[in-house]
>>> print(open('work.cif').read())   # mmCIF, C-alpha atoms and all ligand atoms
data_model
#
loop_
_atom_site.label_atom_id
_atom_site.label_comp_id
_atom_site.auth_asym_id
_atom_site.auth_seq_id
_atom_site.Cartn_x
_atom_site.Cartn_y
_atom_site.Cartn_z
CA MET A 1 121.08 53.47 83.54
CA GLN A 2 121.68 50.72 86.04
CA VAL A 3 123.20 47.47 84.75
CA GLU A 4 123.22 44.01 86.32
CA LEU A 5 125.07 40.94 85.09
CA VAL A 6 123.74 37.81 86.76
CA ASN A 7 125.72 34.54 86.49
CA LEU A 8 126.70 35.69 83.03
CA THR A 9 128.39 32.86 81.10
CA LYS A 10 129.68 32.45 77.56
CA LYS A 11 130.99 29.21 76.13
CA PHE A 12 132.58 28.86 72.70
CA MET A 13 132.68 25.22 71.57
CA GLY A 14 133.64 23.86 74.98
CA VAL A 15 135.80 26.86 75.99
CA THR A 16 134.29 28.82 78.86
CA ALA A 17 135.33 32.39 78.05
CA VAL A 18 133.13 33.98 80.74
CA ASN A 19 132.20 31.98 83.80
CA ARG A 20 129.23 33.00 86.00
CA ILE A 21 130.08 36.67 86.38
CA ASN A 22 127.98 38.76 88.78
CA ILE A 23 128.33 42.52 88.61
CA ASP A 24 125.99 45.40 89.42
CA ILE A 25 126.70 48.83 88.01
CA LYS A 26 125.00 51.90 89.47
CA ASP A 27 123.44 54.62 87.37
CA GLY A 28 126.21 56.99 86.27
CA GLU A 29 128.99 54.75 87.50
CA PHE A 30 132.28 54.23 85.58
CA VAL A 31 133.32 50.60 85.84
CA ALA A 32 136.49 49.06 84.41
CA PHE A 33 136.85 45.41 83.39
CA LEU A 34 140.50 44.66 84.03
CA GLY A 35 142.47 41.49 83.39
CA PRO A 36 145.17 39.89 81.26
CA SER A 37 144.74 39.14 77.57
CA GLY A 38 142.20 36.41 76.88
CA CYS A 39 140.47 36.63 80.29
CA GLY A 40 137.04 37.36 78.80
CA LYS A 41 136.72 41.15 78.98
CA THR A 42 135.66 41.72 75.38
CA THR A 43 133.34 38.72 75.41
CA THR A 44 131.56 40.11 78.48
CA LEU A 45 131.29 43.55 76.88
CA LEU A 46 129.90 42.12 73.65
CA MET A 47 127.21 40.30 75.63
CA VAL A 48 126.25 43.58 77.30
CA ALA A 49 126.13 45.15 73.82
CA GLY A 50 123.89 42.37 72.51
CA ILE A 51 126.40 41.26 69.86
CA TYR A 52 126.98 37.91 71.66
CA LYS A 53 124.15 35.93 73.23
CA PRO A 54 124.93 34.63 76.71
CA THR A 55 125.16 30.84 77.04
CA GLU A 56 123.70 31.20 80.54
CA GLY A 57 122.77 34.02 82.89
CA ASP A 58 121.05 37.34 82.50
CA ILE A 59 121.71 40.96 81.63
CA LEU A 60 119.40 43.52 83.21
CA PHE A 61 119.11 47.20 82.28
CA ASP A 62 117.24 49.18 84.96
CA GLY A 63 115.94 45.88 86.29
CA VAL A 64 114.58 44.68 82.93
CA ARG A 65 116.03 41.53 81.34
CA VAL A 66 117.45 42.46 77.92
CA ASN A 67 119.04 39.12 76.87
CA HIS A 68 117.09 39.01 73.63
CA LEU A 69 117.12 42.70 72.76
CA PRO A 70 119.18 43.40 69.58
CA PRO A 71 122.08 45.89 69.91
CA LYS A 72 120.20 48.71 68.18
CA ASP A 73 117.47 48.65 70.81
CA ARG A 74 119.81 48.75 73.81
CA ASP A 75 120.54 52.52 73.94
CA ILE A 76 124.30 51.96 73.95
CA GLY A 77 127.26 53.74 72.42
CA MET A 78 130.44 51.78 71.71
CA VAL A 79 134.03 52.91 71.28
CA PHE A 80 136.68 50.43 70.17
CA GLN A 81 140.45 50.30 69.92
CA SER A 82 140.29 50.49 66.13
CA TYR A 83 138.28 53.63 65.56
CA ALA A 84 136.36 51.95 62.74
CA LEU A 85 135.59 55.29 61.10
CA TYR A 86 134.33 55.25 57.52
CA PRO A 87 137.42 56.42 55.60
CA HIS A 88 135.60 57.88 52.61
CA MET A 89 133.21 59.95 54.74
CA SER A 90 133.94 63.29 56.39
CA VAL A 91 134.06 63.72 60.15
CA TYR A 92 130.57 65.23 59.94
CA GLN A 93 129.19 62.25 58.01
CA ASN A 94 130.85 59.82 60.40
CA LEU A 95 129.35 61.61 63.37
CA VAL A 96 125.79 61.71 62.05
CA PHE A 97 125.82 58.24 60.48
CA SER A 98 123.51 56.70 63.07
CA LEU A 99 121.12 59.68 62.82
CA MET A 100 121.10 59.35 59.03
CA LEU A 101 120.02 55.72 59.34
CA LYS A 102 117.14 56.93 61.49
CA LYS A 103 116.28 59.50 58.78
CA ARG A 104 116.52 62.48 61.13
CA PRO A 105 116.04 65.95 59.61
CA LYS A 106 119.18 67.67 58.36
CA THR A 107 118.89 70.63 60.74
CA GLU A 108 118.76 68.28 63.71
CA MET A 109 121.81 66.34 62.47
CA GLN A 110 123.77 69.55 62.00
CA ALA A 111 122.91 70.79 65.47
CA GLU A 112 123.76 67.45 67.08
CA ALA A 113 127.05 67.11 65.18
CA GLN A 114 128.03 70.60 66.31
CA ARG A 115 127.05 69.79 69.90
CA VAL A 116 129.18 66.64 70.20
CA ALA A 117 132.02 68.07 68.09
CA ASP A 118 132.21 70.98 70.52
CA ILE A 119 132.17 68.65 73.52
CA MET A 120 135.03 66.67 71.94
CA GLY A 121 136.96 69.74 70.77
CA ILE A 122 136.80 68.73 67.08
CA GLY A 123 134.34 71.40 65.88
CA HIS A 124 136.88 72.77 63.40
CA LEU A 125 137.51 69.36 61.78
CA LEU A 126 134.03 68.50 60.53
CA ASP A 127 134.96 68.68 56.83
CA ARG A 128 138.08 66.52 57.06
CA LYS A 129 138.37 62.83 56.22
CA PRO A 130 139.61 60.43 58.94
CA GLY A 131 142.90 59.96 57.05
CA GLN A 132 143.61 63.68 57.57
CA LEU A 133 143.35 63.40 61.37
CA SER A 134 145.79 62.37 64.08
CA GLY A 135 145.11 59.22 66.11
CA GLY A 136 143.82 61.24 69.03
CA GLN A 137 141.48 63.25 66.78
CA GLN A 138 140.17 60.04 65.19
CA GLN A 139 139.50 58.61 68.62
CA ARG A 140 137.58 61.79 69.52
CA VAL A 141 135.44 61.35 66.40
CA ALA A 142 134.79 57.72 67.40
CA LEU A 143 133.76 58.88 70.86
CA GLY A 144 131.61 61.66 69.40
CA ARG A 145 129.89 59.15 67.15
CA ALA A 146 129.00 57.09 70.23
CA LEU A 147 127.78 60.17 72.13
CA ILE A 148 125.57 61.57 69.35
CA LYS A 149 123.05 58.81 69.97
CA LYS A 150 122.67 60.10 73.56
CA PRO A 151 123.21 56.58 74.83
CA LYS A 152 122.26 55.46 78.32
CA LEU A 153 125.30 53.22 78.44
CA LEU A 154 128.79 53.73 77.00
CA LEU A 155 130.95 50.68 76.27
CA PHE A 156 134.67 51.13 75.69
CA ASP A 157 137.02 48.36 74.55
CA GLU A 158 140.67 49.39 74.99
CA PRO A 159 139.94 52.70 73.22
CA LEU A 160 143.34 54.24 73.88
CA SER A 161 145.75 51.41 73.09
CA ASN A 162 146.61 52.76 69.63
CA LEU A 163 147.64 56.17 70.94
CA ASP A 164 151.09 57.22 72.04
CA ALA A 165 151.83 57.39 75.77
CA ARG A 166 151.37 61.15 76.18
CA LEU A 167 148.10 61.29 74.28
CA ARG A 168 146.84 58.25 76.16
CA ILE A 169 147.27 60.07 79.47
CA SER A 170 145.48 63.20 78.28
CA MET A 171 142.64 61.23 76.63
CA ARG A 172 142.28 59.22 79.84
CA SER A 173 141.45 62.30 81.85
CA GLU A 174 139.32 63.76 79.03
CA ILE A 175 137.14 60.66 78.87
CA LYS A 176 136.86 60.57 82.64
CA LYS A 177 135.87 64.26 82.83
CA LEU A 178 133.40 63.87 80.00
CA GLN A 179 131.82 60.79 81.56
CA ASN A 180 131.60 62.60 84.87
CA SER A 181 129.89 65.66 83.42
CA LEU A 182 127.47 63.69 81.21
CA GLY A 183 126.80 61.10 83.93
CA ILE A 184 126.46 58.26 81.41
CA THR A 185 126.94 54.80 82.93
CA SER A 186 130.14 53.40 81.41
CA ILE A 187 131.99 50.11 81.12
CA TYR A 188 135.62 50.42 80.13
CA VAL A 189 137.61 47.33 79.13
CA THR A 190 141.37 47.47 79.59
CA HIS A 191 144.35 45.29 80.45
CA ASP A 192 146.20 48.39 81.65
CA GLN A 193 145.85 48.55 85.41
CA ILE A 194 146.94 52.20 85.57
CA GLU A 195 144.12 53.13 83.20
CA ALA A 196 141.62 51.24 85.32
CA MET A 197 142.98 52.61 88.60
CA THR A 198 142.93 56.23 87.45
CA MET A 199 139.57 56.24 85.66
CA ALA A 200 137.17 53.82 87.30
CA ASP A 201 134.84 54.20 90.26
CA ARG A 202 134.96 50.43 90.62
CA ILE A 203 137.10 47.78 88.96
CA ALA A 204 136.06 44.23 88.07
CA VAL A 205 139.21 42.12 87.99
CA ILE A 206 138.76 39.10 85.72
CA LYS A 207 141.03 36.06 85.34
CA ASN A 208 140.24 33.08 83.11
CA GLY A 209 136.64 34.24 82.76
CA VAL A 210 136.12 34.34 86.52
CA LEU A 211 135.51 37.53 88.51
CA GLN A 212 138.31 37.88 91.08
CA ALA A 213 137.21 41.10 92.76
CA TYR A 214 134.81 43.95 92.17
CA THR A 215 135.62 47.00 94.24
CA GLU A 216 137.13 50.50 94.42
CA PRO A 217 140.70 51.05 93.12
CA GLU A 218 142.03 51.96 96.56
CA GLU A 219 140.66 48.80 98.12
CA LEU A 220 142.24 46.65 95.39
CA HIS A 221 145.57 48.35 95.91
CA ASP A 222 145.64 48.43 99.71
CA ARG A 223 143.74 45.26 100.61
CA PRO A 224 144.27 42.70 97.83
CA ARG A 225 142.30 39.58 98.64
CA THR A 226 144.28 37.25 96.40
CA LEU A 227 147.85 36.91 95.25
CA PHE A 228 146.72 37.45 91.66
CA ILE A 229 145.28 40.88 92.53
CA ALA A 230 148.37 41.79 94.54
CA GLU A 231 150.64 40.94 91.61
CA PHE A 232 148.42 42.50 88.96
CA ILE A 233 147.65 45.84 90.65
CA GLY A 234 150.30 48.44 91.35
CA ASN A 235 153.23 49.81 89.42
CA PRO A 236 156.00 48.82 89.85
CA PRO A 237 154.74 45.40 90.95
CA MET A 238 154.73 44.29 94.56
CA ASN A 239 157.73 42.40 95.96
CA LEU A 240 156.78 38.85 96.93
CA PHE A 241 158.83 36.68 99.25
CA ASP A 242 158.43 33.14 100.58
CA VAL A 243 158.57 33.55 104.35
CA ARG A 244 158.13 31.53 107.53
CA LEU A 245 156.08 33.06 110.30
CA GLU A 246 157.73 32.68 113.68
CA ASP A 247 156.59 33.50 117.21
CA SER A 248 159.15 34.58 119.74
CA GLY A 249 158.78 36.47 123.01
CA GLY A 250 155.13 37.29 122.28
CA LYS A 251 156.02 38.87 118.94
CA MET A 252 155.57 37.57 115.45
CA TYR A 253 158.27 37.68 112.81
CA ALA A 254 158.48 37.02 109.10
CA ASN A 255 161.65 35.07 108.35
CA LEU A 256 162.68 35.67 104.74
CA GLY A 257 165.87 33.60 104.98
CA GLU A 258 169.37 35.02 104.37
CA GLY A 259 169.24 36.27 107.96
CA ILE A 260 166.35 38.67 107.30
CA LYS A 261 163.76 38.60 110.06
CA LEU A 262 161.11 41.31 110.19
CA GLU A 263 158.76 42.01 113.05
CA ILE A 264 155.10 41.91 112.07
CA PRO A 265 153.07 44.65 113.77
CA PRO A 266 149.81 43.60 115.50
CA SER A 267 147.72 45.22 112.72
CA ARG A 268 149.28 42.89 110.11
CA LYS A 269 149.19 39.61 112.05
CA PRO A 270 147.51 37.00 109.85
CA LYS A 271 143.92 36.53 110.93
CA VAL A 272 143.89 33.10 109.42
CA GLU A 273 146.17 30.31 110.67
CA PRO A 274 148.74 29.91 107.90
CA ARG A 275 149.83 26.51 106.61
CA GLY A 276 153.59 26.19 106.45
CA SER A 277 155.37 28.91 104.54
CA VAL A 278 153.44 31.91 103.27
CA LYS A 279 153.93 34.63 100.68
CA MET A 280 154.72 38.07 102.03
CA GLY A 281 154.10 41.05 99.74
CA ILE A 282 155.40 44.57 100.08
CA ARG A 283 155.25 47.35 97.53
CA PRO A 284 158.46 49.02 96.32
CA GLN A 285 157.22 52.37 97.67
CA ASP A 286 156.93 50.87 101.17
CA ILE A 287 160.63 50.09 101.46
CA ILE A 288 162.91 52.99 102.35
CA ILE A 289 166.62 53.55 102.73
CA ASP A 290 167.72 53.59 106.34
CA ASN A 291 171.43 53.35 106.85
CA ASN A 292 170.95 52.45 110.54
CA SER A 293 169.20 49.28 109.45
CA ASP A 294 170.86 45.85 109.88
CA LEU A 295 169.40 44.85 106.53
CA ARG A 296 172.28 45.68 104.17
CA THR A 297 171.98 45.24 100.44
CA GLU A 298 173.99 45.92 97.33
CA ILE A 299 172.47 47.80 94.40
CA LEU A 300 172.35 45.73 91.21
CA LEU A 301 170.34 47.91 88.89
CA ILE A 302 168.84 51.40 88.70
CA GLU A 303 165.87 51.97 86.44
CA PRO A 304 164.69 55.59 86.03
CA MET A 305 160.88 55.79 86.22
CA GLY A 306 160.42 59.54 85.98
CA ARG A 307 159.50 60.80 89.41
CA ASP A 308 161.37 57.91 91.10
CA ASP A 309 164.19 55.53 90.40
CA LEU A 310 163.40 51.85 90.76
CA ILE A 311 166.28 50.14 92.53
CA VAL A 312 166.88 46.43 92.28
CA CYS A 313 169.10 45.03 95.01
CA ARG A 314 169.95 41.64 96.36
CA VAL A 315 170.59 39.95 99.69
CA GLY A 316 171.89 36.44 99.04
CA ASN A 317 169.23 34.88 96.84
CA ILE A 318 166.56 37.44 97.63
CA GLU A 319 165.90 40.22 95.16
CA ILE A 320 164.28 43.39 96.50
CA HIS A 321 162.76 46.24 94.48
CA PHE A 322 162.24 49.67 95.98
CA LEU A 323 161.80 53.29 94.91
CA VAL A 324 164.07 56.22 95.69
CA ASP A 325 164.24 59.90 94.87
CA PRO A 326 166.62 60.37 91.90
CA VAL A 327 168.33 63.27 93.75
CA LEU A 328 170.04 60.64 95.93
CA LYS A 329 172.16 59.75 92.87
CA LEU A 330 172.66 56.15 93.95
CA LYS A 331 174.99 54.03 91.85
CA ARG A 332 175.28 50.41 90.95
CA GLY A 333 177.34 48.59 93.58
CA ASP A 334 176.46 51.04 96.39
CA SER A 335 175.63 49.40 99.69
CA VAL A 336 172.46 50.65 101.40
CA GLY A 337 170.47 49.76 104.52
CA LEU A 338 166.76 49.11 104.01
CA LYS A 339 163.71 49.41 106.20
CA PHE A 340 160.42 47.70 105.35
CA ASP A 341 157.24 49.49 106.38
CA MET A 342 155.67 46.34 107.82
CA GLU A 343 152.39 48.23 108.47
CA LYS A 344 151.91 47.85 104.70
CA ALA A 345 152.90 44.17 104.41
CA GLN A 346 150.52 41.62 102.85
CA PHE A 347 150.38 37.89 103.58
CA PHE A 348 148.96 35.14 101.38
CA ASP A 349 148.44 31.41 101.77
CA THR A 350 150.86 29.76 99.36
CA GLU A 351 148.38 27.03 98.40
CA THR A 352 145.05 28.84 98.13
CA GLU A 353 146.69 32.18 97.16
CA LYS A 354 144.11 33.91 99.38
CA SER A 355 145.01 36.81 101.65
CA LEU A 356 145.62 35.94 105.28
CA LEU A 357 144.64 39.50 106.25
CA TRP A 358 141.52 40.38 104.23
CA GLN A 359 138.72 37.92 103.56
N1 LIG B 401 134.31 34.01 68.71
C1 LIG B 401 135.05 33.22 69.48
N2 LIG B 401 135.16 31.89 69.26
C2 LIG B 401 135.90 31.09 70.04
N3 LIG B 401 136.61 31.53 71.11
C3 LIG B 401 136.56 32.84 71.39
C4 LIG B 401 135.79 33.76 70.60
N4 LIG B 401 135.94 35.01 71.11
C5 LIG B 401 136.77 34.86 72.17
N5 LIG B 401 137.14 33.57 72.35
C6 LIG B 401 138.00 33.05 73.43
O1 LIG B 401 137.46 33.46 74.66
C7 LIG B 401 138.46 33.90 75.57
C8 LIG B 401 138.20 35.32 76.00
O2 LIG B 401 138.40 36.20 74.89
P1 LIG B 401 138.20 37.77 74.99
O3 LIG B 401 138.32 38.31 73.63
O4 LIG B 401 136.94 38.05 75.73
O5 LIG B 401 139.46 38.18 75.88
P2 LIG B 401 139.93 39.64 76.34
O6 LIG B 401 139.96 39.63 77.82
O7 LIG B 401 139.12 40.69 75.68
O8 LIG B 401 141.44 39.66 75.81
P3 LIG B 401 142.30 40.86 75.14
O9 LIG B 401 142.84 41.70 76.28
O10 LIG B 401 143.42 40.12 74.45
O11 LIG B 401 141.42 41.61 74.19
C9 LIG B 401 139.77 33.68 74.84
O12 LIG B 401 140.32 32.45 75.25
C10 LIG B 401 139.38 33.67 73.40
O13 LIG B 401 140.28 32.88 72.64
MG MG B 402 139.58 42.16 74.26
#
>>> encode(input="work.cif", output="structure tokens")
Amino acid sequence: MQVELVNLTKKFMGVTAVNRINIDIKDGEFVAFLGPSGCGKTTTLLMVAGIYKPTEGDILFDGVRVNHLPPKDRDIGMVFQSYALYPHMSVYQNLVFSLMLKKRPKTEMQAEAQRVADIMGIGHLLDRKPGQLSGGQQQRVALGRALIKKPKLLLFDEPLSNLDARLRISMRSEIKKLQNSLGITSIYVTHDQIEAMTMADRIAVIKNGVLQAYTEPEELHDRPRTLFIAEFIGNPPMNLFDVRLEDSGGKMYANLGEGIKLEIPPSRKPKVEPRGSVKMGIRPQDIIIDNNSDLRTEILLIEPMGRDDLIVCRVGNIEIHFLVDPVLKLKRGDSVGLKFDMEKAQFFDTETEKSLLWQ
């Protein structure tokens, strides 16, 4: 099913929780709503579900306005953070609850429960009560309960936040695989940018109820159009420096202060005339150790991140974060030379916070 949100707005007693959001979702697409707590993700999702009425704007399913359609007539399945399973009912009864309400024959309910339980890998748990299941198994039941209705649209609201880190990663790929194979259009609300980046075809970044960007994960990561997106996307976060842009001998340089002056390659020259000082961004993975470099720094802190170590170092008042291979066995207090891959640098207007490279 194709979904369109047109100027969608929700006000609660003077507070604008969602402000004129425009989003189109293709049939079969997996879209994430991503943004910090309180930005309006759940409110938007609940309007799509029909639980909240929009203050203004429209919701279209396959081109048909559904603003006034009650939730039960919208062909949607919902999965929440709290699994909201009925504790006194078995897994089987939880799964078939919506079919029971529709008074479907028992044989059909049994066949359907078996079908979704097998998809979710919980076929052997049908007789258990939710209290006898692990968090991950409960979340599978919740997902199965949404799928049994054969919905045309799946809505997820932070479904994995109650699970431990390892289970979260495996459920992430399970949900993605499942969505891919079933081809059900899905909206997935999360404040976890890694979840959004790894699962979604497109990501809607929301801040204060306003849509900041709606595009593919790679585009958000490589060509952030605002400072907010640059800061919010990517782990560990991007380094940001206040710099002056200087022309000399036909070349352009970013002057970070503390004697650090970096040449800006032609591909990264701001396309928009900057006003005064600008923000330069560079990701920790785009800074490498180069002991021939004039840029010398002292290591302040080493934070193991699994595959890499995150190194925090300082030049005068400037703090720089970069990633290294743990085999290098760097130590606090070591002096290293650094090289910035300026082909990956970002520049933003300090006032408007808009990118000077991508508009
Ligand atoms: N029923 C309500 N009445 C009044 N204000 C509300 C109501 N529901 C949400 N809000 C407000 O609307 C804004 C958006 O809330 P929403 O729940 O959509 O945020 P969210 O992005 O889902 O955040 P989180 O990541 O914390 O779940 C918040 O400022 C919130 O306080
Ligand atoms: Mg929410």
>>> closest_atom_pairs(input="work.cif", of="chain A", to="ligand LIG 401 (chain B)", cutoff="6 Å", atoms="only C-alpha atoms and all ligand atoms", output="CSV")
residue,atom,partner,partner_atom,distance
A:Phe12,CA,B:LIG401,C2,4.8
A:Ala17,CA,B:LIG401,O1,4.1
A:Pro36,CA,B:LIG401,O9,5.8
A:Ser37,CA,B:LIG401,O9,3.4
A:Gly38,CA,B:LIG401,O5,3.4
A:Cys39,CA,B:LIG401,O6,3.9
A:Gly40,CA,B:LIG401,O4,3.1
A:Lys41,CA,B:LIG401,O6,3.8
A:Thr42,CA,B:LIG401,O7,3.6
A:Thr43,CA,B:LIG401,O4,3.7
A:His191,CA,B:LIG401,O9,5.7
>>> residues_around(input="work.cif", residues="region 136-143 of chain A", least_positions_apart="5", cutoff="9 Å", atoms="all atoms listed in the file", output="PyMOL selection string")
chain A and resi 77-85+91-92+94-95+117+120-122+125+130-131+148+159-160+162-164+167-168+171+175
>>> residues_around(input="work.cif", residues="Asp62 (chain A)", least_positions_apart="4", cutoff="8 Å", atoms="all atoms listed in the file", output="PyMOL selection string")
chain A and resi 1-3
>>> residues_near_point(input="work.cif", point="(133.5, 52.3, 87.8)", cutoff="7 Å", atoms="all atoms listed in the file", output="ChimeraX atom specification")
/A:29-32,200-203
>>> atom_distance(input="work.cif", atom1="CA of Asp157 (chain A)", atom2="CA of Glu231 (chain A)")
23.1 Å
>>> atom_distance(input="work.cif", atom1="CA of Thr44 (chain A)", atom2="CA of Arg166 (chain A)")
29.0 Å
>>> atom_distance(input="work.cif", atom1="CA of Glu351 (chain A)", atom2="CA of Val272 (chain A)")
13.4 Å
>>> decode(input="work.cif", residues="region 207-245 of chain A", atoms="C-alpha atoms", output="PDB file, in the first residue's frame")
ATOM      1  CA  LYS A 207      12.953  17.798  14.835  1.00  0.00           C
ATOM      2  CA  ASN A 208      10.396  19.758  16.867  1.00  0.00           C
ATOM      3  CA  GLY A 209       7.571  18.394  14.734  1.00  0.00           C
ATOM      4  CA  VAL A 210       9.183  19.602  11.508  1.00  0.00           C
ATOM      5  CA  LEU A 211      10.523  17.294   8.790  1.00  0.00           C
ATOM      6  CA  GLN A 212      14.245  18.001   8.359  1.00  0.00           C
ATOM      7  CA  ALA A 213      15.027  15.542   5.584  1.00  0.00           C
ATOM      8  CA  TYR A 214      13.451  12.562   3.883  1.00  0.00           C
ATOM      9  CA  THR A 215      15.944  10.476   1.965  1.00  0.00           C
ATOM     10  CA  GLU A 216      18.110   7.338   1.794  1.00  0.00           C
ATOM     11  CA  PRO A 217      20.434   6.522   4.730  1.00  0.00           C
ATOM     12  CA  GLU A 218      23.575   6.941   2.627  1.00  0.00           C
ATOM     13  CA  GLU A 219      22.534  10.388   1.456  1.00  0.00           C
ATOM     14  CA  LEU A 220      21.843  11.500   5.041  1.00  0.00           C
ATOM     15  CA  HIS A 221      25.228  10.248   6.140  1.00  0.00           C
ATOM     16  CA  ASP A 222      27.330  11.511   3.237  1.00  0.00           C
ATOM     17  CA  ARG A 223      25.513  14.707   2.276  1.00  0.00           C
ATOM     18  CA  PRO A 224      23.835  16.142   5.389  1.00  0.00           C
ATOM     19  CA  ARG A 225      21.930  19.260   4.436  1.00  0.00           C
ATOM     20  CA  THR A 226      21.777  20.732   7.922  1.00  0.00           C
ATOM     21  CA  LEU A 227      23.974  20.811  10.976  1.00  0.00           C
ATOM     22  CA  PHE A 228      21.273  18.984  12.933  1.00  0.00           C
ATOM     23  CA  ILE A 229      21.392  16.019  10.531  1.00  0.00           C
ATOM     24  CA  ALA A 230      25.190  16.016  10.546  1.00  0.00           C
ATOM     25  CA  GLU A 231      25.258  15.878  14.345  1.00  0.00           C
ATOM     26  CA  PHE A 232      22.416  13.385  14.680  1.00  0.00           C
ATOM     27  CA  ILE A 233      23.499  10.830  12.051  1.00  0.00           C
ATOM     28  CA  GLY A 234      26.649   8.763  12.383  1.00  0.00           C
ATOM     29  CA  ASN A 235      28.320   6.933  15.212  1.00  0.00           C
ATOM     30  CA  PRO A 236      30.556   8.135  16.765  1.00  0.00           C
ATOM     31  CA  PRO A 237      29.305  11.661  16.082  1.00  0.00           C
ATOM     32  CA  MET A 238      30.956  13.973  13.591  1.00  0.00           C
ATOM     33  CA  ASN A 239      33.681  16.371  14.762  1.00  0.00           C
ATOM     34  CA  LEU A 240      32.572  19.989  14.395  1.00  0.00           C
ATOM     35  CA  PHE A 241      34.954  22.923  14.376  1.00  0.00           C
ATOM     36  CA  ASP A 242      34.489  26.678  14.053  1.00  0.00           C
ATOM     37  CA  VAL A 243      36.715  27.632  11.129  1.00  0.00           C
ATOM     38  CA  ARG A 244      37.572  30.626   8.962  1.00  0.00           C
ATOM     39  CA  LEU A 245      37.752  30.083   5.233  1.00  0.00           C
TER      40      LEU A 245
END
